[in-house]
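Peer 1: Before anything else, here's the structure in question.
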Amino acid sequence: MGRRPKGPLPDSPPGAGLPVIGGVWLLKERAYHVLREAILRLDLKPGEPLTERALSERLGVSKSPIRDALIRLEQEGLARSSPFRGFEVARLTEADMRNVFRFREAMELYSVEAFIEQGPPAHLAEIEATHAEQGHLLEASDRVRAYEDSRFHQVLVGALENPIFTVVARAIQAQVRRIQNLASTIPGRLEKTHQEHDRILQAIRARDVGTSREAMRRHIRSVLEDTLASDQLRRVTAASGSPPTGRP
């Protein structure tokens with residue numbers, strides 16, 4: 001699970017939270033991963049300009065690795081380019097978020113149904129363990145670890161051992177993770193997620209495909225709607241001049 005933003009999302013100059021990349025080994029790969037993580041963590045905010053010169057100076061590399069990284073990020077849907085304006089972090093619009101979560105819902109409904117039909121007992125034990133651990137961390141008010149250490153959905157998908165499905169799931173993994181990182185900062189959202197996971201897990205234990213699918217559907221839609229209605233989304237999009245999400 002990705003690292004969540006800790007506390008409020010502050011205003012900051014472009015790239016302020018980025019580490020300097022030292023050395024010369026695989027600079028292109030390292031530049032890509034550093035920028036990708038910064039976008040997913042929302043250190044680089046939706047709509048924020050990605051200027052090659054500024055990023056090369058901040059990361060301590062030439063423009064060439066930065067340019068290659070930005071092209072890869074655009075292919076992944078995390079950056080966007082336009083003539084005369086260059087690159088920017090992909091914005092979080094309501095339409096984009098709904099499209100991502102429609103696909104995620106279909107993927108998760110399939111995964112929970114397939115898990116009941118073919119998931120081995122060892123994977124059920126793993127889901128039980130990660131769910132219980134998240135509950136303990138929430139009781140201890142350790143919300144950062146409760147989010148970062150949870151592998152509920154990853155175990156469901158990984159248990160299927162379906163290489164084609166895995167490739168498809170990875171296609172939107174980054175898009176989902178950025179929204180999840182934002183959702184994790186919403187007060188009470190992690191506790192709500194834990195309760196929703198509990199209902200899904202109860203249906204899995206009972207091998208009730210219909211109930212498990214409905215519980216998963218409600219969970220996915222709940223995360224999306226809470227995120228769209230959140231002050232966190234309005235703040236992070238307003239920080240870099242992104243257009244409104246369509247909510248008041």
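Ligands are numbered from 1 in the order shown, chains are lettered A, B, ... in the order of the structure tokens, and residues start at 1 in each chain.
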Which residues are close to Ala215 (chain A), i.e. within 10 Å by only C-alpha atoms, leaving aside same-chain residues fewer than 6 positions away? Reply as a list in words.

Peer 2: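 The neighbour list is Leu109, Val112, Glu196, His197, Asp198, Arg199, Ile200, Leu201, Gln202, Ala203 and Val209 of chain A.
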
Peer 1: Write the residues of the selection above to a file with N, CA and C atoms, as a tab-separated table (two decimals), in the first residue's frame.

Peer 2:
```
chain	number	residue	atom	x	y	z
A	109	LEU	N	-15.39	-6.50	-8.05
A	109	LEU	CA	-16.51	-7.44	-7.99
A	109	LEU	C	-16.10	-8.80	-8.55
A	112	VAL	N	-13.61	-10.54	-5.90
A	112	VAL	CA	-14.19	-11.13	-4.69
A	112	VAL	C	-14.99	-12.39	-5.04
A	196	GLU	N	-16.42	-1.49	6.37
A	196	GLU	CA	-16.88	-2.01	5.09
A	196	GLU	C	-16.11	-3.28	4.71
A	197	HIS	N	-14.81	-3.29	4.99
A	197	HIS	CA	-14.02	-4.50	4.76
A	197	HIS	C	-14.56	-5.65	5.62
A	198	ASP	N	-14.97	-5.32	6.83
A	198	ASP	CA	-15.48	-6.37	7.73
A	198	ASP	C	-16.73	-7.04	7.14
A	199	ARG	N	-17.60	-6.25	6.54
A	199	ARG	CA	-18.80	-6.82	5.92
A	199	ARG	C	-18.45	-7.69	4.71
A	200	ILE	N	-17.46	-7.24	3.95
A	200	ILE	CA	-17.00	-8.05	2.81
A	200	ILE	C	-16.42	-9.37	3.31
A	201	LEU	N	-15.61	-9.29	4.35
A	201	LEU	CA	-14.95	-10.48	4.88
A	201	LEU	C	-15.96	-11.47	5.45
A	202	GLN	N	-16.98	-10.97	6.13
A	202	GLN	CA	-18.02	-11.87	6.65
A	202	GLN	C	-18.70	-12.64	5.52
A	203	ALA	N	-18.97	-11.97	4.40
A	203	ALA	CA	-19.61	-12.64	3.27
A	203	ALA	C	-18.66	-13.65	2.63
A	209	VAL	N	-21.56	-15.34	-2.47
A	209	VAL	CA	-21.09	-14.52	-3.59
A	209	VAL	C	-21.93	-13.25	-3.75
```

Peer 1: So which residues touch Glu88 (chain A) within 7 Å, counting only C-alpha atoms, skipping near sequence neighbours fewer than 6 positions away, as a PDB file with C-alpha atoms, in the first residue's frame?

Peer 2:
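Saved file result_15.pdb follows:
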```
ATOM      1  CA  GLY A  47      -2.554  20.467 -12.167  1.00  0.00           C
ATOM      2  CA  GLU A  48       0.903  21.434 -10.895  1.00  0.00           C
ATOM      3  CA  PRO A  49       3.364  22.298 -13.703  1.00  0.00           C
ATOM      4  CA  LEU A  50       6.136  19.779 -14.311  1.00  0.00           C
ATOM      5  CA  ALA A  79       0.964  13.477 -16.223  1.00  0.00           C
ATOM      6  CA  ARG A  80      -0.466  15.344 -19.170  1.00  0.00           C
ATOM      7  CA  SER A  81       1.104  17.534 -21.833  1.00  0.00           C
TER       8      SER A  81
END
```

Peer 1: Using the chain letters and numbers from this document, which residues of region 1-201 of chain A does DSSP assign to strand (DSSP E), as a ChimeraX atom specification?

Peer 2: /A:49-50,79-82,86-89

Peer 1: With only C-alpha atoms as the atoms that count, which of A:Thr185, A:Leu160, A:Gln195, A:Glu52 lies nearest to His219 (chain A)?

Peer 2: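 Closest residue, counting only C-alpha atoms: A:Gln195.
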
Peer 1: Which one is closest to Ala159 (chain A): A:Gln134, A:Gln173, A:Ser111, A:Ser82? Count only C-alpha atoms.

Peer 2: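 Ranked by minimum distance to Ala159 (chain A), first place goes to A:Ser111.
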
Peer 1: One number please: CA of Lys192 (chain A) to CA of Glu117 (chain A), in Å, one decimal.

Peer 2: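 Distance reported for this atom pair: 27.0 Å.
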
Peer 1: Using only C-alpha atoms, pick whichever of A:Gln118, A:Ala183, A:His123, A:Thr193 has the shortest atom-to-atom distance to Gln232 (chain A).

Peer 2: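 Among the listed residues, the smallest separation from Gln232 (chain A) belongs to A:Ala183.
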
Peer 1: Which residue is closest to Ala95 (chain A)? Choose from A:Leu224, A:Ile204, A:Ala38, A:Ala174 and count only C-alpha atoms.

Peer 2: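 Ranking A:Leu224, A:Ile204, A:Ala38, A:Ala174 by distance to Ala95 (chain A), first place goes to A:Leu224.
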
Peer 1: What separation in Å, quoted to one decimal, exists between CA of Val61 (chain A) and CA of Ile39 (chain A)?

Peer 2: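 Value for the CA of Val61 (chain A)-CA of Ile39 (chain A) distance: 18.5 Å.
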
Peer 1: From the set A:Asp149, A:Glu57, A:Glu37, A:Glu74, which residue has the shortest atom-to-atom contact distance to His136 (chain A), counting only C-alpha atoms?

Peer 2: A:Asp149

Peer 1: In Å to one decimal, how far is CA of Met97 (chain A) from CA of Leu70 (chain A)?

Peer 2: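 So the two atoms, CA of Leu70 (chain A) and CA of Met97 (chain A), lie 21.3 Å apart.
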
Peer 1: Ranking A:Glu139, A:Val155, A:Ile172, A:Asn181 by minimum distance to Gly77 (chain A) and counting only C-alpha atoms, which one comes first?

Peer 2: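 Of A:Glu139, A:Val155, A:Ile172, A:Asn181, the one nearest Gly77 (chain A), counting only C-alpha atoms, is A:Ile172.
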
Peer 1: Enumerate as a ChimeraX atom specification all residues of region 34-144 of chain A assigned to helix (DSSP H, G or I) by DSSP on the backbone, naming them with the chain letters and numbers the document uses.

Peer 2: /A:34-40,52-59,63-75,94-118,121-139,143-144
